[in-house]
Amino acid sequence: MNERVREILGWYASDNPGTRTNLARLLNHGRLGGTGRLVILPVDQGFEHGPARSFAPNPAGYDPRYHFELALGAGCNAYAAPLGFLEAGAAEFAGEIPLILKLNNSDSLSTAEPCPAVTGSVDDALRLGCVAIGFTIYPGSNLRNTMYEEIRALGEEAKRKGLAVVVWSYPRGSALSKEGETAIDVVSYAAQIACQLSAHVVKVKLPSAHIDQAAAKKAYEKERIPIATLAERVRHVVQSSFNGRRIVIFSGGEAKDTASILDEVRAIRDGGGFGSIIGRNSFQRPRKEAIEFLQTVMDIYAGKSK
Amino acid sequence: MNERVREILGWYASDNPGTRTNLARLLNHGRLGGTGRLVILPVDQGFEHGPARSFAPNPAGYDPRYHFELALGAGCNAYAAPLGFLEAGAAEFAGEIPLILKLNNSDSLSTAEPCPAVTGSVDDALRLGCVAIGFTIYPGSNLRNTMYEEIRALGEEAKRKGLAVVVWSYPRGSALSKEGETAIDVVSYAAQIACQLSAHVVKVKLPSAHIDQAAAKKAYEKERIPIATLAERVRHVVQSSFNGRRIVIFSGGEAKDTASILDEVRAIRDGGGFGSIIGRNSFQRPRKEAIEFLQTVMDIYAGKSK
Amino acid sequence: MNERVREILGWYASDNPGTRTNLARLLNHGRLGGTGRLVILPVDQGFEHGPARSFAPNPAGYDPRYHFELALGAGCNAYAAPLGFLEAGAAEFAGEIPLILKLNNSDSLSTAEPCPAVTGSVDDALRLGCVAIGFTIYPGSNLRNTMYEEIRALGEEAKRKGLAVVVWSYPRGSALSKEGETAIDVVSYAAQIACQLSAHVVKVKLPSAHIDQAAAKKAYEKERIPIATLAERVRHVVQSSFNGRRIVIFSGGEAKDTASILDEVRAIRDGGGFGSIIGRNSFQRPRKEAIEFLQTVMDIYAGKSK
Amino acid sequence: MNERVREILGWYASDNPGTRTNLARLLNHGRLGGTGRLVILPVDQGFEHGPARSFAPNPAGYDPRYHFELALGAGCNAYAAPLGFLEAGAAEFAGEIPLILKLNNSDSLSTAEPCPAVTGSVDDALRLGCVAIGFTIYPGSNLRNTMYEEIRALGEEAKRKGLAVVVWSYPRGSALSKEGETAIDVVSYAAQIACQLSAHVVKVKLPSAHIDQAAAKKAYEKERIPIATLAERVRHVVQSSFNGRRIVIFSGGEAKDTASILDEVRAIRDGGGFGSIIGRNSFQRPRKEAIEFLQTVMDIYAGKSK
Amino acid sequence: MNERVREILGWYASDNPGTRTNLARLLNHGRLGGTGRLVILPVDQGFEHGPARSFAPNPAGYDPRYHFELALGAGCNAYAAPLGFLEAGAAEFAGEIPLILKLNNSDSLSTAEPCPAVTGSVDDALRLGCVAIGFTIYPGSNLRNTMYEEIRALGEEAKRKGLAVVVWSYPRGSALSKEGETAIDVVSYAAQIACQLSAHVVKVKLPSAHIDQAAAKKAYEKERIPIATLAERVRHVVQSSFNGRRIVIFSGGEAKDTASILDEVRAIRDGGGFGSIIGRNSFQRPRKEAIEFLQTVMDIYAGKSK
């Protein structure tokens with residue numbers, strides 16, 4: 001066991017050895033195995049955005065097996081997806097790559113206040129051989145308490161059964177403006193909430209330099225918290241996640257040009273972030289290009305490349 | 001075991017042998033047994049539309065035994081109905097035809113946001129000797145999460161107990177216009193959602209060429225997804241269902257003239273659809289005519305007829 | 001065992017012998033025992049309308065024992081009441097008359113969307129020696145799904161434990177006008193829903209010739225369904241109840257003059273209805289008059305009187 | 001409700017109305033209905049003695065339906081049998097005659113210390129529509145506590161679910177000589193034990209005048225308990241059963257000549273016994289003869305015949 | 001549905017439609033499908049006798065898939081085996097042949113009083129897609145009650161969940177001599193016990209003309225029960241199984257020469273037995289020979305061959 005991984009596992013000493021074993025499996029798999037950094041492939045966009053918007057740019061992605069193969073081919077630490085996509089490949093790829101079962105999902109056909117449906121169970125995660133459950137919360141939604149209470153119960157069950165808990169924390173809902181959703185104060189707050197809800201791994205969006213909440217603005221200004229550069233903002237989010245004692249990873253967000261993404265990755269690395277979770281920017285490219293891209297990202301995290 | 005059936009069962013390798021056995025029973029029964037195509041008789045209209053609208057055109061259909069006999073006489077793969085209709089014949093017809101117990105149903109006497117009531121249990125399905133549970137979801141309803149979470153729990157239980165899961169995915173509700181309910185992007189999305197909710201068999205309505213969602217429209221146009229003909233649209237729905245690795249069948253919809261339906265069936269066949277679920281267009285005809293009609297449909301699927 | 005009773009029991013072949021035994025007890029008791037016809041005394045008006053409205057016209061009815069004695073004295077097939085009324089007499093009258101425990105009840109002190117409270121359990125029915133549970137649904141209420149799901153669960157439990165299930169199906173709620181509640185299409189639909197929810201015995205109100213739902217109106221007119229006379233309408237409701245393969249009985253409704261009620265009874269008999277459930281029109285009369293009245297009703301059903 | 005039946009039910013005032021309803025069904029059925037006397041047909045000999053010893057004398061009895069018909073034809077109060085025999089006719093004869101499910105049974109192929117196996121459940125009794133469970137205890141067996149504790153649990157459950165409890169109390173086992181098994185002190189003691197175990201109905205063998213237990217002998221002699229005639233001994237057993245406030249019936253025992261049995265029945269009647277449970281002496285005769293015989297027995301109990 | 005199969009299903013009218021469906025599957029599968037006769041392949045000898053004694057004569061049988069293929073190739077009605085053997089092929093052969101999960105098994109490494117261990121569950125049977133559970137009882141063992149009580153509980157659960165119950169009833173244990181184990185009185189008694197324990201299908205060994213129990217001997221002699229020929233003895237066993245209203249099949253027993261076995265099969269057929277369950281005599285032969293042999297057996301049952 002690598003020293004860095006051992007150190008990270010040390011942060012989770014209240015968890016049972018089963019959960020720590022699964023965290024170790026997550027940290028030790030793939031090209032970044034043992035570095036303490038992670039690149040995860042998530043594919044829940046079929047549910048969240050619909051099939052054409054998700055897979056038409058690279059139609060190979062309509063096939064659930066494609067994403068297992070992509071994650072494996074690129075050497076990702078894990079592959080995360082909803083129940084249907086995991087069930088459609090878990091037997092064929094059993095034991096090949098750590099799996100994260102996304103336990104809630106939201107479609108975009110409804111106009112109701114955002115709140116995903118719970119679409120899988122901890123027992124599903126066990127029977128599919130997953131290392132972790134994944135769960136999305138929307139701080140800022142009027143239904144946030146529903147989500148917080150669901151992850152409380154699911155997280156408790158997952159931990160009792162030796163699984164790790166990954167929380168996607170995405171500020172959203174009637175209490176927030178579009179700009180507020182990625183404001184540095186809001187993203188840091190969202191990371192803190194996920195940690196307090198006892199996530200082992202937290203996933204947030206990269207924050208902007210905007211400060212959204214009046215009360216927060218005063219604190220940021222008074223204490224002169226450095227948030228000018230992206231690396232500084234990443235550092236602040238990591239600090240907000242129990243001073244770096246929780247694994248925090250960042251999402252790539254919408255598809256964009258490669259250079260921009262790589263710059264973001266460097267900022268995450270330099271700011272002490274633990275890695276990336278990259279969906280559309282990987283599986284919507286042709287397979288060969290996607291693998292090269294993901295491996296470039298990994299090389300940046302591993303320090304093999306600038 | 002026919003090679004095509006074996007291939008289809010191979011898509012469900014995460015499921016236990018009990019569930020695969022029941023899928024095999026569904027695929028191997030009736031005149032289309034072994035072809036990988038299905039024609040299913042569903043009779044939930046008594047509950048959904050009321051008795052007179054459903055059965056007055058052919059009053060023999062008031063009797064629950066009539067539909068067992070019709071499905072048997074025509075050589076359908078299965079008969080699907082709510083608890084009351086199945087209980088009223090399951091003992092007399094035990095072992096004669098695969099049964100699907102529709103676990104939720106919606107009447108049309110209410111004006112509330114659409115959401116069916118759960119009207120049966122997985123244990124009811126076992127005690128009645130069914131091969132599968134059936135469940136309806138309404139993507140687009142503000143109550144969609146209720147349905148998604150109900151099928152999550154019922155589906156998990158059904159799979160543990162060796163049953164198959166058939167999901168009727170009908171976009172409907174305050175977020176959708178009437179035209180949107182059958183738009184190609186919405187129907188494909190509905191099929192994807194059912195697959196991600198881990199249905200084994202998905203039933204959708206035949207889609208129109210209309211594209212409803214602005215975000216989807218961009219993707220369809222940019223990627224030039226072919227949706228001009230009905231066969232192309234069927235192909236796109238099948239692709240949206242895990243690239244054809246889930247069984248997708250199409251409903252006949254409202255009663256219409258025979259020639260139109262047969263044209264639709266040809267389009268389903270040519271687009272790679274797995275079959276039809278035909279209710280009103282079969283049981284509202286006189287029995288002899290209904291059997292001839294259903295067998296013509298089967299012949300088209302079997303390639304015996306154009 | 002009378003041939004007609006045996007024939008009726010044959011419709012319930014999916015049920016266990018315990019449930020069939022209790023159906024037989026219901027059909028074989030009282031002056032109509034063995035005829036396949038039933039007259040049941042229901043007394044839930046104390047809960048539903050309040051004591052003064054219910055019992056002041058004949059104050060003997062304030063005493064729960066009165067109704068046991070009335071049902072016995074008149075030779076009814078069964079006595080149906082809420083938990084309190086049954087508990088107040090079940091020991092004293094143990095074994096004297098089949099009892100039906102009404103498991104939900106609604107008071108008239110609230111103006112909320114109609115939905116009765118569940119006020120008893122299947123185990124209560126067992127410990128009180130009942131032959132059946134009774135349950136009210138309100139199709140047309142926005143809370144209909146609550147009721148449908150409650151009876152689903154209670155009915156499954158009752159059947160497993162060998163009891164019969166009687167459903168009062170009363171259209172009511174914000175989706176229906178007062179006139180719509182007794183419209184022939186709506187009453188037939190309500191009977192169908194109760195059957196699909198797998199009731200053994202269905203109770204509805206006598207329908208008017210009004211057709212309420214636009215979509216239904218087309219079907220009634222196109223198929224020329226005969227609904228001009230009350231007997232024709234009863235026949236249509238019975239047909240709508242699995243073509244007469246479920247026991248359908250009719251309520252007397254509001255107190256009215258004797259001649260009108262007897263005319264209604266003749267129409268029920270001539271239309272193939274299975275009997276009456278008569279509350280206010282019996283227990284609000286003086287005992288002697290009530291018994292004479294009920295026995296006249298029974299004589300009409302038995303063919304002993306026109 | 002007959003006064004005598006009402007009086008008997010009064011002895012069971014601690015029981016719930018469900019149990020009392022089922023006791024009433026038992027007491028009110030058949031030719032002795034309402035007299036407070038019972039003749040029950042028990043057929044567990046297939047299990048207890050083997051098929052040839054039981055049914056070869058009258059091969060019609062191999063068919064489980066025969067015994068339902070015999071009990072019905074003769075007008076018995078009830079038919080008692082193990083699970084297999086009841087299941088083989090309960091649907092066909094649903095509602096025709098009160099059933100008692102014998103919940104434990106012992107075969108005669110083993111030489112172990114006598115202790116029947118539990119072969120049915122209280123829920124089986126409910127689903128088959130029984131009025132009571134039956135259970136055998138062997139006071140005198142070293143395994144008696146096993147049986148006492150089983151009936152404690154089963155009896156508690158049966159009473160909660162509204163069923164009656166019938167206990168066959170047959171002294172047997174290594175602590176008793178053959179002669180001791182029917183000694184008056186031992187049989188009276190066995191009846192008392194069954195009552196103390198809270199049976200509603202107790203079945204014992206007819207006692208001899210022999211006194212088996214030294215300690216008992218002293219009491220019988222000192223108090224000059226009259227046990228010279230069979231009627232006196234019956235009276236003493238009834239007295240030993242809560243002074244006649246529990247229903248005690250007597251078994252016919254081995255097949256013997258008719259005159260002897262009728263003499264025994266007269267003694268039971270004259271001693272205040274409640275009736276007979278007659279197996280081999282009825283079903284091993286040809287049907288016509290058996291019915292005549294059973295009806296003669298009933299006539300003696302009813303006082304229609306000497 | 002064949003008339004004979006419908007007649008047989010009619011004997012199980014107390015069972016739910018699910019159980020009847022699975023009985024129909026058993027009766028309708030294979031070359032004897034629809035005849036009311038059955039040939040079942042059982043392979044529990046690996047557990048019961050050890051691998052070399054079982055599979056060395058035909059080493060292909062070491063592979064669990066071999067037996068699925070053999071049963072399929074020969075056209076048997078079903079294949080019965082312990083959990084391990086079924087799990088090793090149930091996925092690959094899902095839906096190809098009815099499976100019976102043997103829920104208890106006994107090894108031959110112990111000298112304790114015979115009593116198999118429970119080695120599978122009803123839920124295992126569901127998840128493996130079985131039509132029935134199998135269970136062995138040893139009447140004559142001092143541990144018989146343990147077995148009787150286990151099958152009581154497992155049978156109740158299996159029936160509630162819609163499965164059929166097959167009981168292997170093999171007299172054995174300290175109360176019986178070797179000769180007694182196959183004595184006609186003992187085998188008939190064992191069949192009766194299995195039926196009373198409410199088995200749907202009973203399997204016994206072919207009986208000898210020996211009468212073992214003194215009490216039984218008197219009955220056989222007095223009633224002149226014909227047991228001279230094997231066909232007569234089969235007829236008596238069938239009669240002892242609820243007068244032929246339960247399915248009784250006979251085991252082939254030890255490997256022996258083909259002509260003897262075929263003679264036995266003719267006797268089973270002529271005596272009204274329902275079929276054979278043939279293990280060692282089939283799977284210990286080379287595959288081709290085994291299939292020819294099994295099909296000859298089936299031809300005798302089907303009346304195609306003498």
# chains A, B, ... in the order shown; residues from 1 in each chain; ligands from 1
>>> residues_around(residues="Leu72 (chain B)", least_positions_apart="5", cutoff="9 Å", atoms="only C-alpha atoms", output="ChimeraX atom specification")
/B:30,67,77-79,96-97
>>> closest_atom_pairs(of="chain D", to="chain C", cutoff="9 Å", atoms="only C-alpha atoms", output="JSON lines")
{"residue": "D:Met1", "atom": "CA", "partner": "C:Glu96", "partner_atom": "CA", "distance": 6.3}
{"residue": "D:Arg6", "atom": "CA", "partner": "C:Glu92", "partner_atom": "CA", "distance": 8.9}
{"residue": "D:Leu9", "atom": "CA", "partner": "C:Ala94", "partner_atom": "CA", "distance": 8.6}
{"residue": "D:Ala13", "atom": "CA", "partner": "C:Ala91", "partner_atom": "CA", "distance": 8.2}
{"residue": "D:Asp15", "atom": "CA", "partner": "C:Ala91", "partner_atom": "CA", "distance": 8.9}
{"residue": "D:Asn16", "atom": "CA", "partner": "C:Arg127", "partner_atom": "CA", "distance": 5.8}
{"residue": "D:Pro17", "atom": "CA", "partner": "C:Ala91", "partner_atom": "CA", "distance": 4.6}
{"residue": "D:Gly18", "atom": "CA", "partner": "C:Gly129", "partner_atom": "CA", "distance": 3.4}
{"residue": "D:Thr19", "atom": "CA", "partner": "C:Gly129", "partner_atom": "CA", "distance": 6.8}
{"residue": "D:Arg20", "atom": "CA", "partner": "C:Ala94", "partner_atom": "CA", "distance": 5.9}
{"residue": "D:Thr21", "atom": "CA", "partner": "C:Gly95", "partner_atom": "CA", "distance": 4.1}
{"residue": "D:Asn22", "atom": "CA", "partner": "C:Gly95", "partner_atom": "CA", "distance": 6.9}
{"residue": "D:Leu23", "atom": "CA", "partner": "C:Gly95", "partner_atom": "CA", "distance": 7.9}
{"residue": "D:Ala24", "atom": "CA", "partner": "C:Gly95", "partner_atom": "CA", "distance": 5.2}
{"residue": "D:Arg25", "atom": "CA", "partner": "C:Gly95", "partner_atom": "CA", "distance": 6.3}
{"residue": "D:Asn28", "atom": "CA", "partner": "C:Gly95", "partner_atom": "CA", "distance": 8.7}
{"residue": "D:Glu87", "atom": "CA", "partner": "C:Pro17", "partner_atom": "CA", "distance": 8.6}
{"residue": "D:Ala90", "atom": "CA", "partner": "C:Pro17", "partner_atom": "CA", "distance": 5.7}
{"residue": "D:Ala91", "atom": "CA", "partner": "C:Pro17", "partner_atom": "CA", "distance": 4.7}
{"residue": "D:Glu92", "atom": "CA", "partner": "C:Pro17", "partner_atom": "CA", "distance": 8.2}
{"residue": "D:Phe93", "atom": "CA", "partner": "C:Met1", "partner_atom": "CA", "distance": 8.4}
{"residue": "D:Ala94", "atom": "CA", "partner": "C:Thr21", "partner_atom": "CA", "distance": 4.7}
{"residue": "D:Gly95", "atom": "CA", "partner": "C:Thr21", "partner_atom": "CA", "distance": 4.1}
{"residue": "D:Glu96", "atom": "CA", "partner": "C:Met1", "partner_atom": "CA", "distance": 6.4}
{"residue": "D:Asp123", "atom": "CA", "partner": "C:Lys161", "partner_atom": "CA", "distance": 7.0}
{"residue": "D:Asp124", "atom": "CA", "partner": "C:Lys161", "partner_atom": "CA", "distance": 8.9}
{"residue": "D:Ala125", "atom": "CA", "partner": "C:Gly18", "partner_atom": "CA", "distance": 8.1}
{"residue": "D:Leu126", "atom": "CA", "partner": "C:Gly162", "partner_atom": "CA", "distance": 5.5}
{"residue": "D:Arg127", "atom": "CA", "partner": "C:Gly18", "partner_atom": "CA", "distance": 4.5}
{"residue": "D:Leu128", "atom": "CA", "partner": "C:Gly18", "partner_atom": "CA", "distance": 4.4}
{"residue": "D:Gly129", "atom": "CA", "partner": "C:Gly18", "partner_atom": "CA", "distance": 3.4}
{"residue": "D:Cys130", "atom": "CA", "partner": "C:Gly18", "partner_atom": "CA", "distance": 7.2}
{"residue": "D:Lys159", "atom": "CA", "partner": "C:Arg127", "partner_atom": "CA", "distance": 8.0}
{"residue": "D:Arg160", "atom": "CA", "partner": "C:Arg127", "partner_atom": "CA", "distance": 6.3}
{"residue": "D:Lys161", "atom": "CA", "partner": "C:Leu126", "partner_atom": "CA", "distance": 5.4}
{"residue": "D:Gly162", "atom": "CA", "partner": "C:Arg127", "partner_atom": "CA", "distance": 4.7}
{"residue": "D:Leu163", "atom": "CA", "partner": "C:Arg127", "partner_atom": "CA", "distance": 8.5}
>>> select_by_dssp(residues="region 56-142 of chain E", states="strand (DSSP E or B)", output="ChimeraX atom specification")
/E:78-81,99-102,104-105,117-118,132-137
>>> atom_distance(atom1="CA of Gly244 (chain B)", atom2="CA of Gly271 (chain B)")
10.7 Å
>>> select_by_dssp(residues="region 16-127 of chain A", states="helix (DSSP H, G or I)", output="PDB file with C-alpha atoms, in the first residue's frame")
ATOM      1  CA  PRO A  17     -12.575  -1.831   7.189  1.00  0.00           C
ATOM      2  CA  GLY A  18     -14.982  -2.792   4.411  1.00  0.00           C
ATOM      3  CA  THR A  19     -15.605   0.794   3.421  1.00  0.00           C
ATOM      4  CA  ARG A  20     -11.888   1.549   3.661  1.00  0.00           C
ATOM      5  CA  THR A  21     -11.157  -1.482   1.498  1.00  0.00           C
ATOM      6  CA  ASN A  22     -13.471  -0.113  -1.169  1.00  0.00           C
ATOM      7  CA  LEU A  23     -11.911   3.354  -0.937  1.00  0.00           C
ATOM      8  CA  ALA A  24      -8.537   1.698  -1.391  1.00  0.00           C
ATOM      9  CA  ARG A  25      -9.783  -0.186  -4.427  1.00  0.00           C
ATOM     10  CA  LEU A  26     -10.941   3.134  -5.895  1.00  0.00           C
ATOM     11  CA  LEU A  27      -7.610   4.821  -5.170  1.00  0.00           C
ATOM     12  CA  ASN A  28      -5.425   1.967  -6.334  1.00  0.00           C
ATOM     13  CA  GLN A  45     -26.422  11.831 -19.198  1.00  0.00           C
ATOM     14  CA  GLY A  46     -28.733   9.350 -20.956  1.00  0.00           C
ATOM     15  CA  PHE A  47     -31.041   9.743 -17.978  1.00  0.00           C
ATOM     16  CA  GLU A  48     -30.291  13.391 -17.245  1.00  0.00           C
ATOM     17  CA  PRO A  51     -30.116   9.801 -25.391  1.00  0.00           C
ATOM     18  CA  ALA A  52     -29.690  11.932 -28.511  1.00  0.00           C
ATOM     19  CA  ARG A  53     -28.120  14.885 -26.721  1.00  0.00           C
ATOM     20  CA  SER A  54     -25.790  12.461 -24.941  1.00  0.00           C
ATOM     21  CA  PHE A  55     -24.846   9.847 -27.474  1.00  0.00           C
ATOM     22  CA  PRO A  59     -23.120   6.881 -31.413  1.00  0.00           C
ATOM     23  CA  ALA A  60     -20.946   4.080 -30.044  1.00  0.00           C
ATOM     24  CA  GLY A  61     -22.039   5.433 -26.671  1.00  0.00           C
ATOM     25  CA  TYR A  62     -25.611   4.245 -27.089  1.00  0.00           C
ATOM     26  CA  PRO A  64     -23.780   0.429 -22.447  1.00  0.00           C
ATOM     27  CA  ARG A  65     -20.724  -1.756 -22.920  1.00  0.00           C
ATOM     28  CA  TYR A  66     -18.891   1.094 -24.637  1.00  0.00           C
ATOM     29  CA  HIS A  67     -18.452   3.048 -21.426  1.00  0.00           C
ATOM     30  CA  PHE A  68     -17.042   0.117 -19.471  1.00  0.00           C
ATOM     31  CA  GLU A  69     -14.535  -0.351 -22.285  1.00  0.00           C
ATOM     32  CA  LEU A  70     -13.697   3.343 -22.469  1.00  0.00           C
ATOM     33  CA  ALA A  71     -13.068   3.589 -18.734  1.00  0.00           C
ATOM     34  CA  LEU A  72     -10.960   0.455 -18.882  1.00  0.00           C
ATOM     35  CA  GLY A  73      -9.084   1.481 -22.036  1.00  0.00           C
ATOM     36  CA  ALA A  74      -8.209   4.890 -20.633  1.00  0.00           C
ATOM     37  CA  LEU A  83     -28.735   1.157 -12.474  1.00  0.00           C
ATOM     38  CA  GLY A  84     -29.709   0.353 -16.056  1.00  0.00           C
ATOM     39  CA  PHE A  85     -26.319   1.137 -17.574  1.00  0.00           C
ATOM     40  CA  LEU A  86     -24.425  -0.783 -14.869  1.00  0.00           C
ATOM     41  CA  GLU A  87     -26.713  -3.810 -15.061  1.00  0.00           C
ATOM     42  CA  VAL A 122     -27.513  -0.123  -1.758  1.00  0.00           C
ATOM     43  CA  ASP A 123     -28.337  -3.776  -2.285  1.00  0.00           C
ATOM     44  CA  ASP A 124     -28.241  -3.193  -6.037  1.00  0.00           C
ATOM     45  CA  ALA A 125     -24.739  -1.801  -5.548  1.00  0.00           C
ATOM     46  CA  LEU A 126     -23.708  -4.913  -3.628  1.00  0.00           C
ATOM     47  CA  ARG A 127     -25.154  -7.364  -6.137  1.00  0.00           C
TER      48      ARG A 127
END
>>> residues_around(residues="Gln213 (chain C)", least_positions_apart="4", cutoff="10 Å", atoms="only C-alpha atoms", output="JSON list (two decimals) with all heavy atoms, in the first residue's frame")
[["chain", "number", "residue", "atom", "x", "y", "z"],
["B", 108, "SER", "N", -59.61, 7.35, -15.55],
["B", 108, "SER", "CA", -59.73, 8.65, -16.20],
["B", 108, "SER", "C", -60.87, 9.47, -15.62],
["B", 108, "SER", "O", -61.44, 10.31, -16.29],
["B", 108, "SER", "CB", -59.86, 8.49, -17.73],
["B", 108, "SER", "OG", -60.67, 7.40, -18.07],
["B", 109, "LEU", "N", -61.19, 9.24, -14.37],
["B", 109, "LEU", "CA", -62.22, 10.04, -13.71],
["B", 109, "LEU", "C", -61.64, 11.22, -12.96],
["B", 109, "LEU", "O", -62.38, 12.05, -12.44],
["B", 109, "LEU", "CB", -63.02, 9.16, -12.74],
["B", 109, "LEU", "CG", -63.92, 8.12, -13.39],
["B", 109, "LEU", "CD1", -64.51, 7.19, -12.34],
["B", 109, "LEU", "CD2", -65.03, 8.78, -14.19],
["C", 176, "LEU", "N", -65.73, 15.46, -10.23],
["C", 176, "LEU", "CA", -67.09, 15.06, -10.60],
["C", 176, "LEU", "C", -68.14, 16.03, -10.08],
["C", 176, "LEU", "O", -68.07, 16.51, -8.95],
["C", 176, "LEU", "CB", -67.41, 13.67, -10.02],
["C", 176, "LEU", "CG", -66.69, 12.48, -10.67],
["C", 176, "LEU", "CD1", -66.96, 11.22, -9.86],
["C", 176, "LEU", "CD2", -67.15, 12.27, -12.11],
["C", 180, "GLY", "N", -72.83, 13.85, -11.89],
["C", 180, "GLY", "CA", -71.90, 12.85, -12.42],
["C", 180, "GLY", "C", -71.72, 11.66, -11.49],
["C", 180, "GLY", "O", -71.43, 10.55, -11.93],
["C", 183, "ALA", "N", -74.11, 9.07, -12.55],
["C", 183, "ALA", "CA", -74.28, 8.86, -14.00],
["C", 183, "ALA", "C", -73.99, 7.40, -14.33],
["C", 183, "ALA", "O", -73.10, 6.79, -13.74],
["C", 183, "ALA", "CB", -73.34, 9.79, -14.76],
["C", 184, "ILE", "N", -74.72, 6.88, -15.28],
["C", 184, "ILE", "CA", -74.58, 5.46, -15.62],
["C", 184, "ILE", "C", -73.15, 5.11, -16.03],
["C", 184, "ILE", "O", -72.61, 4.06, -15.65],
["C", 184, "ILE", "CB", -75.60, 5.04, -16.71],
["C", 184, "ILE", "CG1", -75.42, 3.57, -17.11],
["C", 184, "ILE", "CG2", -75.51, 5.91, -17.94],
["C", 184, "ILE", "CD1", -75.67, 2.58, -16.01],
["C", 185, "ASP", "N", -72.50, 5.99, -16.81],
["C", 185, "ASP", "CA", -71.13, 5.68, -17.23],
["C", 185, "ASP", "C", -70.17, 5.68, -16.04],
["C", 185, "ASP", "O", -69.26, 4.87, -15.96],
["C", 185, "ASP", "CB", -70.66, 6.67, -18.32],
["C", 185, "ASP", "CG", -70.68, 8.11, -17.85],
["C", 185, "ASP", "OD1", -71.60, 8.50, -17.10],
["C", 185, "ASP", "OD2", -69.76, 8.87, -18.23],
["C", 186, "VAL", "N", -70.41, 6.61, -15.13],
["C", 186, "VAL", "CA", -69.51, 6.74, -13.99],
["C", 186, "VAL", "C", -69.71, 5.60, -12.99],
["C", 186, "VAL", "O", -68.74, 5.03, -12.47],
["C", 186, "VAL", "CB", -69.71, 8.12, -13.32],
["C", 186, "VAL", "CG1", -68.91, 8.22, -12.03],
["C", 186, "VAL", "CG2", -69.30, 9.23, -14.29],
["C", 217, "LYS", "N", -69.75, 9.15, -23.55],
["C", 217, "LYS", "CA", -71.01, 9.45, -24.25],
["C", 217, "LYS", "C", -70.96, 8.92, -25.68],
["C", 217, "LYS", "O", -71.91, 8.29, -26.16],
["C", 217, "LYS", "CB", -71.26, 10.95, -24.23],
["C", 217, "LYS", "CG", -72.72, 11.33, -24.44],
["C", 217, "LYS", "CD", -72.96, 12.82, -24.17],
["C", 217, "LYS", "CE", -74.40, 13.21, -24.41],
["C", 217, "LYS", "NZ", -75.34, 12.62, -23.43],
["C", 218, "LYS", "N", -69.83, 9.14, -26.32],
["C", 218, "LYS", "CA", -69.69, 8.67, -27.71],
["C", 218, "LYS", "C", -69.88, 7.16, -27.79],
["C", 218, "LYS", "O", -70.57, 6.65, -28.66],
["C", 218, "LYS", "CB", -68.31, 9.05, -28.25],
["C", 218, "LYS", "CG", -68.25, 10.49, -28.76],
["C", 218, "LYS", "CD", -66.99, 10.74, -29.58],
["C", 218, "LYS", "CE", -65.80, 10.91, -28.66],
["C", 218, "LYS", "NZ", -64.56, 11.27, -29.37]]
>>> atom_distance(atom1="CA of Glu7 (chain D)", atom2="CA of Lys205 (chain D)")
25.3 Å
>>> atom_distance(atom1="CA of Glu156 (chain D)", atom2="CA of Pro171 (chain D)")
22.9 Å
